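Shown here: protein-v2.pdb, PDB, C-alpha atoms.
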ATOM      1  CA  GLN A   1      38.822 -22.201  27.297  1.00  0.00           C
ATOM      2  CA  VAL A   2      38.138 -22.701  23.635  1.00  0.00           C
ATOM      3  CA  GLN A   3      37.569 -26.210  22.270  1.00  0.00           C
ATOM      4  CA  LEU A   4      39.379 -27.125  19.052  1.00  0.00           C
ATOM      5  CA  VAL A   5      38.656 -29.802  16.436  1.00  0.00           C
ATOM      6  CA  GLU A   6      41.011 -30.386  13.504  1.00  0.00           C
ATOM      7  CA  SER A   7      40.060 -31.914  10.158  1.00  0.00           C
ATOM      8  CA  GLY A   8      41.454 -32.323   6.673  1.00  0.00           C
ATOM      9  CA  GLY A   9      44.325 -34.701   7.215  1.00  0.00           C
ATOM     10  CA  GLY A  10      44.946 -37.710   5.006  1.00  0.00           C
ATOM     11  CA  LEU A  11      47.295 -39.469   2.634  1.00  0.00           C
ATOM     12  CA  VAL A  12      48.834 -37.478  -0.200  1.00  0.00           C
ATOM     13  CA  GLN A  13      51.696 -38.003  -2.618  1.00  0.00           C
ATOM     14  CA  ALA A  14      54.812 -35.893  -2.443  1.00  0.00           C
ATOM     15  CA  GLY A  15      54.270 -32.620  -4.264  1.00  0.00           C
ATOM     16  CA  GLY A  16      50.577 -32.627  -3.471  1.00  0.00           C
ATOM     17  CA  SER A  17      48.459 -30.326  -1.342  1.00  0.00           C
ATOM     18  CA  LEU A  18      46.139 -30.513   1.644  1.00  0.00           C
ATOM     19  CA  ARG A  19      44.167 -27.947   3.599  1.00  0.00           C
ATOM     20  CA  LEU A  20      43.701 -28.451   7.304  1.00  0.00           C
ATOM     21  CA  SER A  21      40.898 -26.796   9.225  1.00  0.00           C
ATOM     22  CA  CYS A  22      40.493 -26.176  12.932  1.00  0.00           C
ATOM     23  CA  ALA A  23      37.038 -25.294  14.229  1.00  0.00           C
ATOM     24  CA  ALA A  24      36.843 -23.511  17.563  1.00  0.00           C
ATOM     25  CA  SER A  25      33.963 -23.242  19.994  1.00  0.00           C
ATOM     26  CA  GLY A  26      33.266 -22.089  23.478  1.00  0.00           C
ATOM     27  CA  ARG A  27      34.873 -18.678  23.713  1.00  0.00           C
ATOM     28  CA  THR A  28      35.395 -15.552  21.645  1.00  0.00           C
ATOM     29  CA  PHE A  29      37.608 -16.834  18.879  1.00  0.00           C
ATOM     30  CA  SER A  30      39.122 -13.464  18.018  1.00  0.00           C
ATOM     31  CA  ASN A  31      40.574 -13.199  21.528  1.00  0.00           C
ATOM     32  CA  TYR A  32      42.994 -16.022  20.736  1.00  0.00           C
ATOM     33  CA  ALA A  33      46.201 -16.200  18.825  1.00  0.00           C
ATOM     34  CA  MET A  34      46.102 -19.458  16.873  1.00  0.00           C
ATOM     35  CA  GLY A  35      48.719 -21.864  15.694  1.00  0.00           C
ATOM     36  CA  TRP A  36      49.540 -25.151  14.036  1.00  0.00           C
ATOM     37  CA  PHE A  37      52.116 -27.530  15.428  1.00  0.00           C
ATOM     38  CA  ARG A  38      53.123 -31.037  14.404  1.00  0.00           C
ATOM     39  CA  GLN A  39      54.656 -34.145  15.859  1.00  0.00           C
ATOM     40  CA  ALA A  40      56.279 -36.848  13.766  1.00  0.00           C
ATOM     41  CA  PRO A  41      56.817 -40.376  15.103  1.00  0.00           C
ATOM     42  CA  GLY A  42      59.787 -40.437  17.428  1.00  0.00           C
ATOM     43  CA  HIS A  43      60.125 -36.673  17.439  1.00  0.00           C
ATOM     44  CA  GLU A  44      59.077 -33.847  19.736  1.00  0.00           C
ATOM     45  CA  ARG A  45      56.218 -31.547  18.869  1.00  0.00           C
ATOM     46  CA  GLU A  46      57.371 -28.607  16.756  1.00  0.00           C
ATOM     47  CA  PHE A  47      56.111 -25.229  15.683  1.00  0.00           C
ATOM     48  CA  VAL A  48      54.660 -24.944  12.165  1.00  0.00           C
ATOM     49  CA  ALA A  49      52.814 -21.617  11.906  1.00  0.00           C
ATOM     50  CA  THR A  50      50.947 -19.080  14.011  1.00  0.00           C
ATOM     51  CA  ILE A  51      48.578 -16.212  13.279  1.00  0.00           C
ATOM     52  CA  SER A  52      47.621 -13.167  15.299  1.00  0.00           C
ATOM     53  CA  ARG A  53      44.150 -12.495  16.641  1.00  0.00           C
ATOM     54  CA  LEU A  54      42.970 -10.423  13.685  1.00  0.00           C
ATOM     55  CA  GLY A  55      45.059 -12.308  11.150  1.00  0.00           C
ATOM     56  CA  ARG A  56      47.400  -9.435  10.394  1.00  0.00           C
ATOM     57  CA  ASN A  57      50.599 -11.190  11.404  1.00  0.00           C
ATOM     58  CA  THR A  58      51.754 -14.688  10.552  1.00  0.00           C
ATOM     59  CA  TYR A  59      54.863 -16.636  11.489  1.00  0.00           C
ATOM     60  CA  TYR A  60      56.298 -19.808   9.990  1.00  0.00           C
ATOM     61  CA  ALA A  61      58.928 -22.395  10.714  1.00  0.00           C
ATOM     62  CA  ASP A  62      61.769 -22.218   8.202  1.00  0.00           C
ATOM     63  CA  SER A  63      60.977 -25.767   7.071  1.00  0.00           C
ATOM     64  CA  VAL A  64      57.528 -24.778   5.771  1.00  0.00           C
ATOM     65  CA  LYS A  65      58.058 -21.158   4.739  1.00  0.00           C
ATOM     66  CA  GLY A  66      56.937 -20.605   1.166  1.00  0.00           C
ATOM     67  CA  ARG A  67      54.960 -23.863   1.083  1.00  0.00           C
ATOM     68  CA  PHE A  68      52.405 -23.511   3.896  1.00  0.00           C
ATOM     69  CA  THR A  69      49.949 -20.677   4.539  1.00  0.00           C
ATOM     70  CA  ILE A  70      48.043 -20.100   7.762  1.00  0.00           C
ATOM     71  CA  SER A  71      44.841 -18.082   7.711  1.00  0.00           C
ATOM     72  CA  ARG A  72      41.784 -17.541   9.860  1.00  0.00           C
ATOM     73  CA  ASP A  73      38.135 -16.609   9.459  1.00  0.00           C
ATOM     74  CA  ASN A  74      36.919 -15.069  12.701  1.00  0.00           C
ATOM     75  CA  ALA A  75      33.330 -15.050  11.457  1.00  0.00           C
ATOM     76  CA  LYS A  76      33.508 -18.842  11.112  1.00  0.00           C
ATOM     77  CA  ASN A  77      35.663 -19.450  14.198  1.00  0.00           C
ATOM     78  CA  THR A  78      38.084 -21.393  12.038  1.00  0.00           C
ATOM     79  CA  VAL A  79      41.800 -21.389  11.333  1.00  0.00           C
ATOM     80  CA  TYR A  80      43.288 -23.045   8.256  1.00  0.00           C
ATOM     81  CA  LEU A  81      46.614 -24.411   7.136  1.00  0.00           C
ATOM     82  CA  GLN A  82      47.082 -24.666   3.384  1.00  0.00           C
ATOM     83  CA  MET A  83      49.936 -27.038   2.676  1.00  0.00           C
ATOM     84  CA  ASN A  84      51.456 -27.140  -0.812  1.00  0.00           C
ATOM     85  CA  SER A  85      54.457 -28.953  -2.262  1.00  0.00           C
ATOM     86  CA  LEU A  86      54.255 -31.513   0.486  1.00  0.00           C
ATOM     87  CA  LYS A  87      57.287 -33.625   1.290  1.00  0.00           C
ATOM     88  CA  PRO A  88      57.583 -36.991   3.044  1.00  0.00           C
ATOM     89  CA  GLU A  89      59.225 -35.199   5.970  1.00  0.00           C
ATOM     90  CA  ASP A  90      55.962 -33.279   6.502  1.00  0.00           C
ATOM     91  CA  THR A  91      54.377 -36.530   7.680  1.00  0.00           C
ATOM     92  CA  ALA A  92      53.116 -35.953  11.217  1.00  0.00           C
ATOM     93  CA  VAL A  93      50.114 -35.460  13.410  1.00  0.00           C
ATOM     94  CA  TYR A  94      49.133 -31.811  13.068  1.00  0.00           C
ATOM     95  CA  TYR A  95      47.700 -30.038  16.099  1.00  0.00           C
ATOM     96  CA  CYS A  96      45.796 -26.799  16.336  1.00  0.00           C
ATOM     97  CA  ALA A  97      46.355 -24.615  19.400  1.00  0.00           C
ATOM     98  CA  ALA A  98      44.963 -21.426  20.873  1.00  0.00           C
ATOM     99  CA  ASP A  99      46.253 -19.001  23.455  1.00  0.00           C
ATOM    100  CA  GLN A 100      44.783 -15.858  24.900  1.00  0.00           C
ATOM    101  CA  GLY A 101      47.901 -14.581  26.655  1.00  0.00           C
ATOM    102  CA  PHE A 102      50.695 -15.025  24.145  1.00  0.00           C
ATOM    103  CA  THR A 103      51.108 -13.137  20.928  1.00  0.00           C
ATOM    104  CA  ALA A 104      51.295 -15.231  17.775  1.00  0.00           C
ATOM    105  CA  GLN A 105      55.055 -14.721  17.702  1.00  0.00           C
ATOM    106  CA  GLN A 106      55.395 -15.838  21.317  1.00  0.00           C
ATOM    107  CA  MET A 107      53.293 -18.962  20.699  1.00  0.00           C
ATOM    108  CA  GLY A 108      55.840 -20.307  18.261  1.00  0.00           C
ATOM    109  CA  VAL A 109      58.611 -20.017  20.820  1.00  0.00           C
ATOM    110  CA  GLN A 110      56.846 -20.564  24.141  1.00  0.00           C
ATOM    111  CA  PHE A 111      54.470 -23.398  23.251  1.00  0.00           C
ATOM    112  CA  THR A 112      56.461 -25.991  25.186  1.00  0.00           C
ATOM    113  CA  TYR A 113      55.528 -24.151  28.371  1.00  0.00           C
ATOM    114  CA  GLY A 114      51.856 -24.779  27.709  1.00  0.00           C
ATOM    115  CA  LEU A 115      49.084 -23.161  25.684  1.00  0.00           C
ATOM    116  CA  ASP A 116      45.464 -22.591  26.672  1.00  0.00           C
ATOM    117  CA  SER A 117      43.922 -25.174  24.333  1.00  0.00           C
ATOM    118  CA  TRP A 118      44.995 -27.972  22.013  1.00  0.00           C
ATOM    119  CA  GLY A 119      43.034 -30.057  19.572  1.00  0.00           C
ATOM    120  CA  LYS A 120      43.406 -33.836  19.349  1.00  0.00           C
ATOM    121  CA  GLY A 121      45.267 -33.679  16.056  1.00  0.00           C
ATOM    122  CA  THR A 122      44.846 -34.851  12.488  1.00  0.00           C
ATOM    123  CA  LEU A 123      47.267 -37.187  10.721  1.00  0.00           C
ATOM    124  CA  VAL A 124      48.996 -36.108   7.529  1.00  0.00           C
ATOM    125  CA  THR A 125      50.905 -38.769   5.624  1.00  0.00           C
ATOM    126  CA  VAL A 126      52.995 -37.836   2.588  1.00  0.00           C
ATOM    127  CA  SER A 127      54.157 -40.729   0.445  1.00  0.00           C
ATOM    128  CA  SER A 128      57.258 -40.575  -1.737  1.00  0.00           C
TER     129      SER A 128
END

Have the structure of the file written as C-alpha cells, please.
Amino acid sequence: QVQLVESGGGLVQAGGSLRLSCAASGRTFSNYAMGWFRQAPGHEREFVATISRLGRNTYYADSVKGRFTISRDNAKNTVYLQMNSLKPEDTAVYYCAADQGFTAQQMGVQFTYGLDSWGKGTLVTVSS
C-alpha cells in the first residue's frame, strides 16, 4: 500500500485560502485514484474531492464546488487541495486517501466501505 502524509493545514480567517498537500510513497502513485475527505468535531467523515489516476477527472462535494480545487503531480507523487473563500464550516481535520480499485467517482461514494490508504490528517481551522 501507499503511505500518505498530509501538510498545509493551519488557522485562517474566513475568506482566506490554504493549500493542502499529500505526499505519497511506497507504491506507484499513478496507479491510485486520490481523494480528500474531512471530519469536523462531532460529525462523520465526509467526501470533499477526488481525482482520477492521470488527473483528467475530478469530483467535488456540493459544499466546496467552485471554492476548492484538487490536483495532482504524478512526477512528485503529490496531490493537492487548493481551498479558497474558506468558511468557518470548513473547519475540520482533512484526510488524504488513495485507492487502487475504485475510480475517483466511486471513491467519493464508497469511501465508508474502506479505502486502501489514509493519511493521519491535517487540521484546518477557519475563524469568523

For the PyMOL selection byres ((chain A and resi 124) around 8), applied here, can you spell out every residue it catches as a short mmCIF file (atom, residue, chain, number, x, y, z; two decimals) with C-alpha atoms, in the frame of the given file?
data_model
loop_
_atom_site.label_atom_id
_atom_site.label_comp_id
_atom_site.auth_asym_id
_atom_site.auth_seq_id
_atom_site.Cartn_x
_atom_site.Cartn_y
_atom_site.Cartn_z
CA GLY A 9 44.32 -34.70 7.22
CA GLY A 10 44.95 -37.71 5.01
CA LEU A 11 47.30 -39.47 2.63
CA VAL A 12 48.83 -37.48 -0.20
CA ASP A 90 55.96 -33.28 6.50
CA THR A 91 54.38 -36.53 7.68
CA ALA A 92 53.12 -35.95 11.22
CA VAL A 93 50.11 -35.46 13.41
CA TYR A 94 49.13 -31.81 13.07
CA THR A 122 44.85 -34.85 12.49
CA LEU A 123 47.27 -37.19 10.72
CA THR A 125 50.90 -38.77 5.62
CA VAL A 126 53.00 -37.84 2.59
#

Would you translate the PyMOL selection byres ((chain A and resi 69) around 10) into the concrete set of residues it matches in this file, as a PyMOL selection string? chain A and resi 19+48-51+58-60+64-68+70-71+80-84

Pick from A:Gly108, A:Gly55, A:Gly121, A:Gly101: nearest to Thr78 (chain A), with all atoms listed in the file counted?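 Looking at the shortest contact to Thr78 (chain A), the residue is A:Gly55.
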
Work out how far apart CA of Lys87 (chain A) and CA of Pro41 (chain A) are and give it in Å to one decimal.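 Pair CA of Lys87 (chain A) / CA of Pro41 (chain A) returns 15.4 Å.
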
Between CA of Gly15 (chain A) and CA of Phe37 (chain A), what distance in Å does the model show, to one decimal? 20.5 Å

For CA of Ser128 (chain A) and CA of Val79 (chain A), determine how far apart the two atoms are, in Å to one decimal place.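 Interatomic distance, CA of Ser128 (chain A) to CA of Val79 (chain A): 27.9 Å.
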
Which residues are near Val2 (chain A)? Cut-off 6 Å, only C-alpha atoms, ignore same chain within fewer than 6 positions. Put them as a compact mmCIF listing (two decimals) with C-alpha atoms, in the coordinates of the input.
# COMPACT_ATOMS: atom_id res chain seq x y z
CA SER A 25 33.96 -23.24 19.99
CA GLY A 26 33.27 -22.09 23.48
CA ARG A 27 34.87 -18.68 23.71

Neighbour list for Trp118 (chain A) as a list in words, cut-off 8 Å, all atoms listed in the file, skip fewer than 5 positions in-chain: Gln3, Leu4, Tyr95, Cys96, Ala97 and Ala98 of chain A

Box for region 92-109 of chain A: with edges along x, y and z, all listed atoms inside and 6 Å added on each side, what are the centre and edge lengths in Å to one decimal, as AutoDock Vina command-line options?
--center_x 51.7 --center_y -24.5 --center_z 18.9 --size_x 25.8 --size_y 34.8 --size_z 27.4

Protein and nucleic acid residues near (59.9, -31.0, 23.3) (cut-off 8 Å, only C-alpha atoms) as a PDB file with C-alpha atoms, in the coordinates of the input:
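Produced file part12.pdb, reproduced below:
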ATOM      1  CA  GLU A  44      59.077 -33.847  19.736  1.00  0.00           C
ATOM      2  CA  ARG A  45      56.218 -31.547  18.869  1.00  0.00           C
ATOM      3  CA  GLU A  46      57.371 -28.607  16.756  1.00  0.00           C
ATOM      4  CA  THR A 112      56.461 -25.991  25.186  1.00  0.00           C
TER       5      THR A 112
END

Minimum-distance residue to Leu20 (chain A), chosen among A:Ala33, A:Ala75, A:Val5, A:Met107 (using only C-alpha atoms):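 Residue with the minimum atom-to-atom distance to Leu20 (chain A): A:Val5.
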
Specify as a CSV table (one decimal) with C-alpha atoms, in the frame of the given file each residue included when the PyMOL selection byres ((chain A and resi 116) around 6) is applied to this file.
chain,number,residue,atom,x,y,z
A,98,ALA,CA,45.0,-21.4,20.9
A,99,ASP,CA,46.3,-19.0,23.5
A,115,LEU,CA,49.1,-23.2,25.7
A,117,SER,CA,43.9,-25.2,24.3

Find the residue from A:Gln106, A:Gly42, A:Asn74, A:Ala24 that sits nearest to Gln1 (chain A); use all atoms listed in the file when measuring.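 Answer, going by the shortest atom-to-atom distance: A:Ala24.
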